[in-house]
file model08.cif (mmCIF, C-alpha atoms)
data_target
#
loop_
_atom_site.label_atom_id
_atom_site.label_comp_id
_atom_site.auth_asym_id
_atom_site.auth_seq_id
_atom_site.Cartn_x
_atom_site.Cartn_y
_atom_site.Cartn_z
CA MET A 72 19.13 27.58 1.74
CA ALA A 73 20.68 27.01 -1.69
CA SER A 74 19.45 24.19 -3.88
CA ARG A 75 21.69 21.16 -4.12
CA LYS A 76 21.95 18.06 -6.27
CA ARG A 77 22.24 14.67 -4.66
CA GLU A 78 23.03 11.47 -6.54
CA LEU A 79 21.91 8.15 -5.07
CA GLY A 80 22.28 4.54 -6.12
CA VAL A 81 19.14 2.58 -6.98
CA PHE A 82 19.20 -1.21 -6.57
CA ALA A 83 16.71 -3.90 -7.60
CA HIS A 84 16.23 -7.30 -5.98
CA LEU A 85 16.54 -9.86 -8.78
CA ASN A 86 16.33 -13.62 -8.20
CA GLY A 87 17.06 -13.22 -4.52
CA GLU A 88 20.07 -10.90 -4.93
CA TRP A 89 20.62 -7.14 -5.11
CA ALA A 90 21.65 -5.70 -8.47
CA PRO A 91 22.68 -2.07 -9.15
CA ALA A 92 19.96 -0.63 -11.41
CA GLY A 93 21.00 2.98 -11.94
CA LEU A 94 21.44 6.44 -10.49
CA VAL A 95 18.79 8.93 -9.42
CA THR A 96 19.80 12.58 -9.19
CA MET A 97 17.61 14.75 -6.99
CA LEU A 98 17.50 18.54 -6.94
CA GLU A 99 16.48 19.69 -3.45
CA ASP A 100 15.94 22.95 -1.63
CA GLY A 101 15.99 22.08 2.04
CA SER A 102 13.12 19.64 2.65
CA LYS A 103 11.52 20.36 -0.73
CA ILE A 104 12.29 18.34 -3.83
CA GLN A 105 12.41 20.40 -7.01
CA GLY A 106 12.99 17.65 -9.56
CA SER A 107 14.83 14.44 -10.34
CA GLN A 108 16.50 12.48 -13.12
CA PHE A 109 17.22 8.77 -13.50
CA ALA A 110 19.68 6.85 -15.67
CA TYR A 111 19.75 3.06 -15.96
CA GLY A 112 23.01 1.19 -15.51
CA ARG A 113 24.39 -0.35 -18.70
CA ARG A 114 24.66 -3.87 -17.32
CA TYR A 115 21.25 -3.66 -15.70
CA ILE A 116 19.27 -2.91 -18.85
CA GLY A 117 20.96 -5.87 -20.53
CA ARG A 118 19.54 -8.31 -18.00
CA PRO A 119 16.48 -10.32 -19.08
CA ASP A 120 15.12 -10.17 -15.52
CA ALA A 121 15.50 -6.39 -15.11
CA LEU A 122 12.62 -4.54 -13.43
CA PRO A 123 11.12 -1.26 -14.72
CA ILE A 124 12.17 1.65 -12.49
CA VAL A 125 10.71 4.84 -13.96
CA PRO A 126 7.05 5.55 -14.89
CA THR A 127 7.78 6.17 -18.56
CA GLU A 128 8.69 2.49 -18.84
CA ILE A 129 5.74 1.08 -16.89
CA GLY A 130 3.48 0.56 -19.90
CA GLU A 131 5.65 -1.76 -21.98
CA TRP A 132 8.85 -2.89 -20.33
CA LYS A 133 11.17 -4.04 -23.08
CA PRO A 134 14.63 -2.84 -22.06
CA ASN A 135 16.72 -1.97 -25.10
CA PRO A 136 20.35 -1.31 -24.16
CA ASP A 137 21.07 0.44 -27.45
CA MET A 138 18.19 2.92 -27.01
CA MET A 139 18.45 3.41 -23.24
CA ARG A 140 22.21 3.59 -22.78
CA ASP A 141 23.24 6.98 -21.33
CA LYS A 142 19.64 8.22 -21.57
CA GLU A 143 18.40 10.27 -18.61
CA PHE A 144 14.72 10.15 -17.72
CA ILE A 145 13.31 13.33 -16.20
CA ALA A 146 10.48 13.27 -13.65
CA ASP A 147 7.49 15.41 -14.60
CA GLU A 148 6.99 18.84 -13.06
CA VAL A 149 4.05 17.75 -10.89
CA THR A 150 5.32 14.58 -9.21
CA LYS A 151 8.97 15.80 -9.02
CA LEU A 152 10.13 12.25 -8.18
CA PHE A 153 9.65 9.01 -10.11
CA GLY A 154 6.70 7.09 -8.75
CA SER A 155 8.39 3.75 -8.14
CA ILE A 156 11.22 5.48 -6.26
CA ARG A 157 8.67 7.50 -4.30
CA ASP A 158 6.93 4.21 -3.40
CA ALA A 159 10.24 2.93 -1.97
CA ALA A 160 10.34 5.89 0.42
CA PRO A 161 8.72 5.88 3.86
CA ASP A 162 5.40 7.59 4.38
CA ALA A 163 4.11 9.42 7.47
CA TRP A 164 4.91 6.84 10.18
CA GLY A 165 8.27 5.81 8.75
CA ARG A 166 9.29 9.46 8.59
CA ARG A 167 8.43 9.93 12.25
CA VAL A 168 10.65 6.97 13.13
CA ILE A 169 13.55 8.38 11.10
CA GLU A 170 13.09 11.84 12.63
CA SER A 171 13.09 10.30 16.10
CA ARG A 172 16.34 8.43 15.42
CA LEU A 173 18.02 11.53 13.98
CA ASN A 174 16.43 13.85 16.59
CA GLN A 175 14.98 16.12 13.90
CA PRO A 176 11.68 18.07 13.68
CA ALA A 177 8.75 16.70 11.70
CA ASN A 178 9.05 16.86 7.90
CA SER A 179 12.33 18.75 8.12
CA LEU A 180 14.64 16.39 6.24
CA PRO A 181 15.41 16.29 2.51
CA GLU A 182 13.57 13.60 0.57
CA SER A 183 16.91 11.99 -0.26
CA THR A 184 17.56 11.49 3.46
CA TYR A 185 14.19 9.79 4.00
CA LEU A 186 14.91 7.55 0.99
CA MET A 187 18.30 6.46 2.28
CA GLU A 188 17.20 6.05 5.90
CA ALA A 189 14.17 3.86 5.06
CA GLY A 190 16.30 0.79 5.64
CA HIS A 191 16.26 -2.89 4.87
CA ASN A 192 12.54 -3.54 5.39
CA ARG A 193 11.12 -0.94 2.99
CA ALA A 194 8.26 -1.97 0.71
CA GLY A 195 8.89 -3.60 -2.65
CA ALA A 196 12.03 -4.72 -4.44
CA LEU A 197 13.98 -1.46 -4.73
CA ASP A 198 16.67 -0.12 -2.42
CA ILE A 199 18.18 3.38 -2.31
CA ARG A 200 21.78 3.82 -1.14
CA PRO A 201 24.39 6.62 -1.00
CA ASP A 202 26.04 5.38 -4.19
CA ILE A 203 26.08 2.48 -6.61
CA GLN A 204 28.91 0.72 -4.76
CA SER A 205 27.23 0.82 -1.33
CA PRO A 206 26.57 -2.59 0.24
CA PRO A 207 23.12 -3.49 1.53
CA LEU A 208 22.29 -2.90 5.16
CA LYS A 209 22.65 -6.00 7.27
CA THR A 210 19.87 -6.94 9.63
CA ALA A 211 19.37 -9.74 12.09
CA GLY A 212 15.58 -9.44 11.94
CA VAL A 213 13.28 -8.09 14.61
CA HIS A 214 10.60 -10.06 16.40
CA ARG A 215 10.27 -8.69 19.95
CA LEU A 216 6.80 -7.25 19.77
CA GLU A 217 6.66 -6.01 23.35
CA TYR A 218 9.73 -3.80 22.81
CA LEU A 219 8.45 -2.49 19.48
CA LEU A 220 5.06 -1.70 21.05
CA GLU A 221 6.67 0.35 23.79
CA ALA A 222 9.05 2.12 21.40
CA ALA A 223 6.22 3.02 19.00
CA ALA A 224 4.26 4.57 21.87
CA ARG A 225 7.27 6.68 22.85
CA ILE A 226 7.66 7.95 19.29
CA GLU A 227 3.96 8.84 19.17
CA GLU A 228 4.36 10.81 22.38
CA GLY A 229 7.45 12.59 21.08
CA LEU A 230 9.69 10.98 23.69
CA PRO A 231 13.26 9.75 23.15
CA VAL A 232 13.72 6.04 22.53
CA PRO A 233 16.18 4.41 24.96
CA THR A 234 18.91 2.10 23.71
CA GLY A 235 17.07 -1.06 24.72
CA LEU A 236 14.10 -0.19 22.51
CA GLN A 237 15.90 1.01 19.40
CA ASP A 238 14.97 -2.00 17.27
CA ILE A 239 12.09 0.24 16.16
CA PHE A 240 14.57 2.29 14.13
CA GLU A 241 15.28 -0.73 11.93
CA ALA A 242 11.80 -2.22 11.96
CA GLY A 243 9.69 0.90 11.47
CA SER A 244 11.67 3.33 9.33
CA GLY A 245 10.48 2.04 5.95
CA MET A 246 6.78 1.98 6.76
CA GLY A 247 3.92 4.04 5.32
CA GLY A 248 0.60 5.23 6.68
CA MET A 249 -0.18 7.29 9.75
CA ARG A 250 -0.54 4.51 12.31
CA PRO A 251 2.38 3.02 14.30
CA LYS A 252 3.75 -0.17 12.77
CA ALA A 253 6.91 -2.21 12.29
CA SER A 254 8.19 -5.16 10.27
CA VAL A 255 8.92 -8.31 12.27
CA THR A 256 10.25 -11.76 11.39
CA ASP A 257 8.62 -14.98 12.48
CA ALA A 258 10.39 -18.16 13.60
CA ALA A 259 10.96 -19.18 9.96
CA GLY A 260 12.51 -15.80 9.13
CA HIS A 261 9.50 -14.65 7.12
CA LEU A 262 8.47 -11.00 7.23
CA TRP A 263 5.21 -9.73 8.74
CA LEU A 264 3.88 -6.24 9.38
CA ALA A 265 2.82 -5.54 12.97
CA LYS A 266 0.26 -2.72 13.31
CA PHE A 267 0.00 -1.31 16.82
CA PRO A 268 -2.82 0.50 18.59
CA SER A 269 -2.48 4.26 18.47
CA LEU A 270 -2.62 6.35 21.61
CA ASN A 271 -5.94 7.75 22.83
CA GLU A 272 -8.13 6.19 20.15
CA ARG A 273 -11.71 5.19 20.83
CA LEU A 274 -11.73 2.05 18.71
CA ASN A 275 -9.59 -1.08 18.86
CA ILE A 276 -8.42 -0.59 15.28
CA PRO A 277 -6.05 -3.61 15.12
CA ILE A 278 -8.77 -6.14 15.92
CA LEU A 279 -11.37 -4.34 13.78
CA GLU A 280 -9.08 -4.08 10.76
CA THR A 281 -8.12 -7.74 11.10
CA ALA A 282 -11.77 -8.78 11.32
CA THR A 283 -12.69 -6.61 8.32
CA LEU A 284 -9.97 -8.13 6.14
CA ARG A 285 -11.06 -11.60 7.17
CA LEU A 286 -14.62 -10.61 6.25
CA ALA A 287 -13.35 -9.46 2.84
CA LYS A 288 -11.74 -12.85 2.33
CA GLU A 289 -15.06 -14.53 3.14
CA ALA A 290 -16.57 -12.29 0.45
CA GLY A 291 -14.17 -13.72 -2.14
CA LEU A 292 -11.62 -10.90 -2.22
CA ALA A 293 -7.85 -11.47 -2.29
CA VAL A 294 -6.49 -10.88 1.22
CA PRO A 295 -3.08 -11.65 2.78
CA ASP A 296 -2.74 -13.81 5.89
CA VAL A 297 -3.81 -11.80 8.95
CA ARG A 298 -4.07 -12.53 12.67
CA THR A 299 -3.86 -10.72 16.01
CA GLU A 300 -1.59 -11.00 19.02
CA CYS A 301 -2.13 -9.63 22.50
CA ILE A 302 0.80 -8.00 24.29
CA GLN A 303 0.40 -6.17 27.61
CA ASP A 304 -3.40 -6.12 27.14
CA LYS A 305 -2.90 -4.44 23.75
CA THR A 306 -4.10 -5.94 20.48
CA ILE A 307 -1.58 -6.03 17.63
CA MET A 308 -2.57 -6.79 14.05
CA MET A 309 -0.19 -9.07 12.15
CA ILE A 310 -0.33 -9.05 8.34
CA ARG A 311 1.99 -11.15 6.22
CA ARG A 312 4.08 -9.03 3.86
CA PHE A 313 2.86 -9.85 0.35
CA ASP A 314 5.85 -8.09 -1.22
CA ARG A 315 8.05 -10.95 0.02
CA GLU A 316 8.21 -14.56 -1.15
CA TYR A 317 10.40 -17.39 0.10
CA SER A 318 11.93 -20.31 -1.75
CA ALA A 319 12.16 -23.83 -0.38
CA ASN A 320 15.35 -22.96 1.52
CA ASP A 321 13.65 -19.84 2.99
CA LYS A 322 15.65 -17.51 0.76
CA GLU A 323 13.86 -14.17 0.50
CA HIS A 324 12.66 -12.87 -2.85
CA ARG A 325 11.32 -9.32 -2.92
CA ARG A 326 8.46 -8.49 -5.24
CA HIS A 327 8.56 -5.23 -7.15
CA MET A 328 5.58 -3.17 -6.00
CA ILE A 329 4.12 0.19 -6.94
CA SER A 330 1.07 2.10 -5.77
CA ALA A 331 -1.94 2.86 -7.94
CA LEU A 332 -0.72 6.45 -7.66
CA THR A 333 2.35 5.44 -9.66
CA LEU A 334 0.47 3.24 -12.12
CA LEU A 335 -1.81 6.20 -12.91
CA GLY A 336 1.19 8.54 -13.10
CA CYS A 337 -0.19 11.22 -10.82
CA HIS A 338 0.62 13.23 -7.70
CA GLU A 339 -1.06 12.63 -4.33
CA SER A 340 -2.89 15.93 -4.63
CA GLU A 341 -4.66 14.49 -7.70
CA SER A 342 -5.88 11.37 -5.89
CA PRO A 343 -9.33 12.74 -4.90
CA ASP A 344 -10.02 13.47 -8.55
CA LYS A 345 -9.38 9.87 -9.61
CA THR A 346 -11.83 6.97 -9.72
CA TYR A 347 -11.96 3.22 -9.39
CA GLY A 348 -12.66 3.24 -13.11
CA ASP A 349 -9.31 4.98 -13.68
CA ILE A 350 -7.60 2.10 -11.87
CA ALA A 351 -9.55 -0.40 -14.00
CA ASP A 352 -8.41 1.46 -17.13
CA ALA A 353 -4.78 1.28 -15.94
CA ILE A 354 -5.16 -2.44 -15.34
CA ARG A 355 -6.36 -2.87 -18.92
CA ARG A 356 -3.40 -0.85 -20.27
CA HIS A 357 -0.58 -2.14 -18.06
CA GLY A 358 -1.80 -5.36 -16.47
CA ALA A 359 -0.53 -8.86 -17.12
CA PRO A 360 -2.77 -9.91 -20.05
CA LYS A 361 -3.97 -13.19 -18.52
CA GLN A 362 -4.78 -11.41 -15.26
CA VAL A 363 -6.61 -8.32 -16.53
CA ARG A 364 -10.19 -9.61 -16.40
CA ALA A 365 -9.76 -11.14 -12.95
CA ASP A 366 -8.05 -8.00 -11.58
CA GLN A 367 -10.72 -5.69 -12.96
CA ALA A 368 -13.47 -7.83 -11.41
CA GLU A 369 -11.51 -7.91 -8.14
CA MET A 370 -11.25 -4.11 -8.16
CA TYR A 371 -15.00 -3.81 -8.70
CA GLY A 372 -15.58 -6.16 -5.76
CA ARG A 373 -13.29 -4.05 -3.56
CA MET A 374 -15.21 -0.93 -4.49
CA ILE A 375 -18.49 -2.63 -3.52
CA PHE A 376 -16.97 -3.85 -0.26
CA ASN A 377 -15.71 -0.35 0.61
CA ILE A 378 -19.18 1.05 -0.03
CA LEU A 379 -20.79 -1.51 2.26
CA VAL A 380 -18.29 -1.10 5.14
CA THR A 381 -17.76 2.68 4.78
CA ASN A 382 -14.02 2.47 4.16
CA ASP A 383 -13.29 5.98 2.90
CA ASP A 384 -9.51 5.69 3.31
CA ASP A 385 -9.36 4.12 -0.15
CA HIS A 386 -6.90 6.59 -1.71
CA LEU A 387 -4.47 5.62 -4.45
CA ARG A 388 -1.65 4.70 -2.07
CA ASN A 389 -3.94 2.10 -0.52
CA HIS A 390 -4.11 0.15 -3.76
CA ALA A 391 -0.96 -1.55 -5.06
CA PHE A 392 0.37 -3.64 -7.92
CA LEU A 393 3.01 -6.35 -8.07
CA TRP A 394 5.32 -6.92 -11.03
CA ARG A 395 5.44 -10.07 -13.08
CA PRO A 396 7.39 -10.39 -16.35
CA GLU A 397 4.25 -10.00 -18.47
CA GLY A 398 2.93 -6.93 -16.63
CA TRP A 399 1.43 -5.65 -13.39
CA SER A 400 -1.08 -7.56 -11.25
CA LEU A 401 -3.26 -6.30 -8.41
CA SER A 402 -1.81 -6.88 -4.94
CA PRO A 403 -3.86 -8.39 -2.11
CA LEU A 404 -6.22 -6.05 -0.27
CA TYR A 405 -4.90 -4.00 2.67
CA ASP A 406 -5.65 -0.97 4.86
CA VAL A 407 -9.42 -1.45 5.10
CA VAL A 408 -10.95 0.05 8.24
CA PRO A 409 -14.72 0.73 8.54
CA ARG A 410 -15.55 4.26 9.66
CA PRO A 411 -18.62 4.70 11.88
CA SER A 412 -20.94 7.44 10.68
CA ILE A 413 -24.41 8.74 11.41
CA GLY A 414 -24.72 10.28 7.97
CA THR A 415 -27.06 8.66 5.47
CA GLU A 416 -25.15 10.00 2.48
CA ARG A 417 -21.56 8.81 2.42
CA ARG A 418 -18.63 9.21 0.05
CA LEU A 419 -15.48 7.28 -0.69
CA HIS A 420 -12.14 8.92 -1.42
CA LEU A 421 -12.11 7.69 -5.03
CA GLY A 422 -14.88 8.23 -7.53
CA VAL A 423 -17.37 5.37 -7.91
CA GLY A 424 -19.52 6.22 -10.94
CA ASN A 425 -21.57 8.91 -12.65
CA SER A 426 -22.49 10.42 -9.26
CA GLY A 427 -18.87 10.95 -8.31
CA ARG A 428 -17.74 9.59 -4.94
CA SER A 429 -21.24 8.85 -3.67
CA ALA A 430 -21.02 5.49 -1.85
CA THR A 431 -24.06 3.69 -3.29
CA ILE A 432 -24.68 0.56 -5.33
CA ASP A 433 -26.74 2.66 -7.76
CA ASN A 434 -23.64 4.75 -8.45
CA ALA A 435 -21.45 1.65 -8.81
CA LEU A 436 -23.89 0.25 -11.37
CA THR A 437 -23.20 3.19 -13.68
CA SER A 438 -19.54 2.22 -14.10
CA TYR A 439 -19.40 -1.60 -14.36
CA ALA A 440 -18.49 -1.52 -18.06
CA ARG A 441 -15.15 0.21 -17.25
CA PHE A 442 -14.26 -2.92 -15.25
CA GLY A 443 -14.84 -5.19 -18.24
CA LEU A 444 -18.13 -6.43 -16.78
CA ASP A 445 -21.64 -6.82 -18.08
CA LEU A 446 -24.66 -6.10 -15.88
CA GLU A 447 -25.18 -9.74 -14.93
CA ARG A 448 -21.56 -10.17 -13.80
CA ALA A 449 -21.67 -6.88 -11.87
CA TRP A 450 -24.70 -8.09 -9.94
CA GLU A 451 -23.03 -11.44 -9.27
CA ILE A 452 -20.20 -9.58 -7.55
CA ILE A 453 -22.57 -7.29 -5.64
CA ASP A 454 -24.67 -10.24 -4.44
CA ARG A 455 -21.59 -12.22 -3.41
CA VAL A 456 -20.05 -9.38 -1.43
CA TYR A 457 -23.27 -8.23 0.20
CA GLY A 458 -24.23 -11.81 1.02
CA VAL A 459 -21.23 -11.91 3.37
CA VAL A 460 -21.20 -8.31 4.62
CA ARG A 461 -24.84 -8.51 5.69
CA GLN A 462 -23.71 -11.18 8.21
CA TRP A 463 -20.79 -9.12 9.53
CA ARG A 464 -21.89 -9.33 13.17
CA THR A 465 -21.89 -13.12 13.07
CA TYR A 466 -18.42 -13.17 11.52
CA PHE A 467 -17.02 -10.57 13.94
CA GLU A 468 -18.31 -12.55 16.90
CA ALA A 469 -16.64 -15.67 15.48
CA TYR A 470 -13.43 -13.66 15.15
CA ASN A 471 -13.64 -12.84 18.89
CA VAL A 472 -14.22 -9.13 18.40
CA PRO A 473 -15.54 -7.82 21.76
CA LEU A 474 -19.22 -6.87 21.78
CA SER A 475 -18.28 -3.35 22.87
CA GLU A 476 -16.20 -2.89 19.69
CA ILE A 477 -18.95 -4.38 17.52
CA GLU A 478 -21.40 -1.80 18.83
CA LYS A 479 -18.95 1.07 18.27
CA ILE A 480 -18.37 0.11 14.65
CA ALA A 481 -21.93 -0.95 13.76
CA SER A 482 -22.95 2.25 12.01
CA ALA A 483 -20.21 1.76 9.41
CA PHE A 484 -21.92 -1.29 7.89
CA ARG A 485 -24.64 -0.54 5.37
CA HIS A 486 -27.87 -2.40 4.72
CA ILE A 487 -28.74 -2.90 1.07
CA ASP A 488 -31.74 -0.58 1.50
CA ASP A 489 -29.35 2.22 2.52
CA VAL A 490 -27.21 2.02 -0.59
CA CYS A 491 -29.39 0.60 -3.36
CA THR A 492 -32.77 1.76 -4.64
CA ARG A 493 -35.59 -0.59 -5.59
CA GLU A 494 -35.27 0.58 -9.18
CA ALA A 495 -31.67 -0.57 -9.29
CA ARG A 496 -32.49 -3.92 -7.71
CA ARG A 497 -35.10 -4.60 -10.36
CA GLN A 498 -32.20 -4.97 -12.81
CA ASN A 499 -31.13 -8.03 -10.86
CA ARG A 500 -34.29 -10.03 -11.55
#
call {"tool": "encode", "arguments": {"input": "model08.cif", "output": "structure tokens"}}
result
Amino acid sequence: MASRKRELGVFAHLNGEWAPAGLVTMLEDGSKIQGSQFAYGRRYIGRPDALPIVPTEIGEWKPNPDMMRDKEFIADEVTKLFGSIRDAAPDAWGRRVIESRLNQPANSLPESTYLMEAGHNRAGALDIRPDIQSPPLKTAGVHRLEYLLEAAARIEEGLPVPTGLQDIFEAGSGMGGMRPKASVTDAAGHLWLAKFPSLNERLNIPILETATLRLAKEAGLAVPDVRTECIQDKTIMMIRRFDREYSANDKEHRRHMISALTLLGCHESESPDKTYGDIADAIRRHGAPKQVRADQAEMYGRMIFNILVTNDDDHLRNHAFLWRPEGWSLSPLYDVVPRPSIGTERRLHLGVGNSGRSATIDNALTSYARFGLDLERAWEIIDRVYGVVRQWRTYFEAYNVPLSEIEKIASAFRHIDDVCTREARRQNR
């Protein structure tokens, strides 16, 4: 198949309205992207509320129409596509939904098709359309959980979705991650993410993930509103979309969001080679100045929490940042699921300290300075987080997690003796 160029319109949500931001040109060979270019629109870069679109502008966003007019930014040879545009594309689950709607094999479509088909509910404040004059997709909102649950199960099984269940094509096409999910609106018209149980899994992940995030909130970490609903004897996790805000008249304002992958300017294949310290460094370079110290301490706390609950799905796409005029700030915590294990030595996806990805407090204590902390402050965070996690059974019972699920997940939670030597604890005296 011959390579082809495809030009798409990029829009940004500014003050509650869509604004044309520029054009992205993608060079594709079948389902493989070979490179891309982006050019800002002249009117867009003159706006004081314009959002940064391409990674080269993430560090200091000071749009200068005279310097940027008619300039084309070229994506690097590794990532092929600008990070913030990549973050506006669907990930694994959203792609399955799109492929089901278009009746296409897995991973067979060009990246430009996935970008355009992601729909109205995609993450963040960008939209990708066939051209710069294209109107936004209209949506009435989706809130029928029982239909979405059934449709998601059919997509997982590779079955066609009948007409009566096709709300999933609007609600699920912009979503990331492997697990089935969909965006739904509540009675006030506010957007939530519904995460469904997957077929043939041993654990009740929706209730366990909800309980774990609530535990993280008890430990002082920033967590969005979460709850569960039961439909047809199935537990569904509901998490409020933190990339959406609503004014007094319930008008929706979308928050510009990028992954840590984009903030670090790297490809997914490089994620296992990155560390929590790298994220802390990026916060120091690109973060909103008044928020840097708090965000670095928050990131250290999340690393400690992941060590204690054995959450090794902590890759760079599972950390995000939200835009504010003075810089980027850390998003609330999400996608935290404990993983049961019988192993005594455990590793996270991201590096922790001098001993690489080894999931221990000793290792975390070798890197606290990269988070802008001194030893005393690092121990304050460790003590605070462990003081809650050590009582996880009590909290899970209060959250109505069934005893059978508590027993299945128990091996994921670490005792301080498992992850911290006596020598290290002596520093805390």
call {"tool": "residues_around", "arguments": {"input": "model08.cif", "residues": "A:Val168", "least_positions_apart": "3", "cutoff": "7 Å", "atoms": "only C-alpha atoms", "output": "VMD selection string"}}
result
chain A and resid 164 to 165 171 to 172 226 240 243 to 244
call {"tool": "closest_residue", "arguments": {"input": "model08.cif", "among": "A:Arg364, A:Asp162, A:Pro207, A:Asp202", "to": "A:Arg250", "atoms": "only C-alpha atoms"}}
result
A:Asp162
call {"tool": "resolve_selection", "arguments": {"input": "model08.cif", "expression": "the PyMOL selection byres ((chain A and resi 257) around 12)", "output": "list in words"}}
result
Ala211, Gly212, Val213, His214, Arg215, Leu216, Ser254, Val255, Thr256, Ala258, Ala259, Gly260, His261, Leu262, Trp263, Leu264, Ala265, Met309, Ile310, Arg311, Arg312 and Asp321 of chain A
call {"tool": "atom_distance", "arguments": {"input": "model08.cif", "atom1": "atom CA of A:Asp384", "atom2": "atom CA of A:Val407"}}
result
7.4 Å
call {"tool": "residues_around", "arguments": {"input": "model08.cif", "residues": "A:Lys361", "least_positions_apart": "6", "cutoff": "10 Å", "atoms": "only C-alpha atoms", "output": "list in words"}}
result
Glu397, Gly398 and Ser400 of chain A
call {"tool": "atom_distance", "arguments": {"input": "model08.cif", "atom1": "atom CA of A:His84", "atom2": "atom CA of A:Thr184"}}
result
21.1 Å
call {"tool": "atom_distance", "arguments": {"input": "model08.cif", "atom1": "atom CA of A:Thr96", "atom2": "atom CA of A:Arg77"}}
result
5.6 Å
call {"tool": "resolve_selection", "arguments": {"input": "model08.cif", "expression": "the PyMOL selection byres ((chain A and resi 323) around 10)", "output": "ChimeraX atom specification"}}
result
/A:84,86-88,260-262,315-322,324-326
call {"tool": "residues_near_point", "arguments": {"input": "model08.cif", "point": "(-9.6, 5.4, -11.1)", "cutoff": "10 Å", "atoms": "all atoms listed in the file", "output": "mmCIF file with C-alpha atoms, in the frame of the given file"}}
result
data_model
loop_
_atom_site.group_PDB
_atom_site.id
_atom_site.type_symbol
_atom_site.label_atom_id
_atom_site.label_comp_id
_atom_site.auth_asym_id
_atom_site.auth_seq_id
_atom_site.Cartn_x
_atom_site.Cartn_y
_atom_site.Cartn_z
ATOM 1 C CA ALA A 331 -1.940 2.860 -7.940
ATOM 2 C CA LEU A 332 -0.720 6.450 -7.660
ATOM 3 C CA LEU A 335 -1.810 6.200 -12.910
ATOM 4 C CA SER A 342 -5.880 11.370 -5.890
ATOM 5 C CA PRO A 343 -9.330 12.740 -4.900
ATOM 6 C CA ASP A 344 -10.020 13.470 -8.550
ATOM 7 C CA LYS A 345 -9.380 9.870 -9.610
ATOM 8 C CA THR A 346 -11.830 6.970 -9.720
ATOM 9 C CA TYR A 347 -11.960 3.220 -9.390
ATOM 10 C CA GLY A 348 -12.660 3.240 -13.110
ATOM 11 C CA ASP A 349 -9.310 4.980 -13.680
ATOM 12 C CA ILE A 350 -7.600 2.100 -11.870
ATOM 13 C CA ALA A 351 -9.550 -0.400 -14.000
ATOM 14 C CA ASP A 352 -8.410 1.460 -17.130
ATOM 15 C CA ALA A 353 -4.780 1.280 -15.940
ATOM 16 C CA ILE A 354 -5.160 -2.440 -15.340
ATOM 17 C CA HIS A 386 -6.900 6.590 -1.710
ATOM 18 C CA LEU A 387 -4.470 5.620 -4.450
ATOM 19 C CA LEU A 421 -12.110 7.690 -5.030
ATOM 20 C CA GLY A 422 -14.880 8.230 -7.530
ATOM 21 C CA VAL A 423 -17.370 5.370 -7.910
ATOM 22 C CA GLY A 424 -19.520 6.220 -10.940
ATOM 23 C CA ARG A 441 -15.150 0.210 -17.250
#
call {"tool": "residues_around", "arguments": {"input": "model08.cif", "residues": "A:Asn275", "least_positions_apart": "3", "cutoff": "12 Å", "atoms": "all atoms listed in the file", "output": "PyMOL selection string"}}
result
chain A and resi 266-272+278-282+299+301+304-308+408-409+472-480
call {"tool": "resolve_selection", "arguments": {"input": "model08.cif", "expression": "the PyMOL selection byres ((chain A and resi 390) around 10)", "output": "VMD selection string"}}
result
chain A and resid 329 to 332 350 370 385 to 389 391 to 392 401 to 406
call {"tool": "closest_residue", "arguments": {"input": "model08.cif", "among": "A:Phe313, A:Phe82, A:Phe484, A:Tyr218", "to": "A:Ile378", "atoms": "all atoms listed in the file"}}
result
A:Phe484
call {"tool": "residues_around", "arguments": {"input": "model08.cif", "residues": "A:Leu219", "least_positions_apart": "6", "cutoff": "9 Å", "atoms": "only C-alpha atoms", "output": "PyMOL selection string"}}
result
chain A and resi 213+236-239+242-243+252-253+267
call {"tool": "write_last_selection", "arguments": {"input": "model08.cif", "atoms": "C-alpha atoms", "output": "PDB file, keeping the file's coordinate frame"}}
result
ATOM      1  CA  VAL A 213      13.280  -8.090  14.610  1.00  0.00           C
ATOM      2  CA  LEU A 236      14.100  -0.190  22.510  1.00  0.00           C
ATOM      3  CA  GLN A 237      15.900   1.010  19.400  1.00  0.00           C
ATOM      4  CA  ASP A 238      14.970  -2.000  17.270  1.00  0.00           C
ATOM      5  CA  ILE A 239      12.090   0.240  16.160  1.00  0.00           C
ATOM      6  CA  ALA A 242      11.800  -2.220  11.960  1.00  0.00           C
ATOM      7  CA  GLY A 243       9.690   0.900  11.470  1.00  0.00           C
ATOM      8  CA  LYS A 252       3.750  -0.170  12.770  1.00  0.00           C
ATOM      9  CA  ALA A 253       6.910  -2.210  12.290  1.00  0.00           C
ATOM     10  CA  PHE A 267       0.000  -1.310  16.820  1.00  0.00           C
TER      11      PHE A 267
END
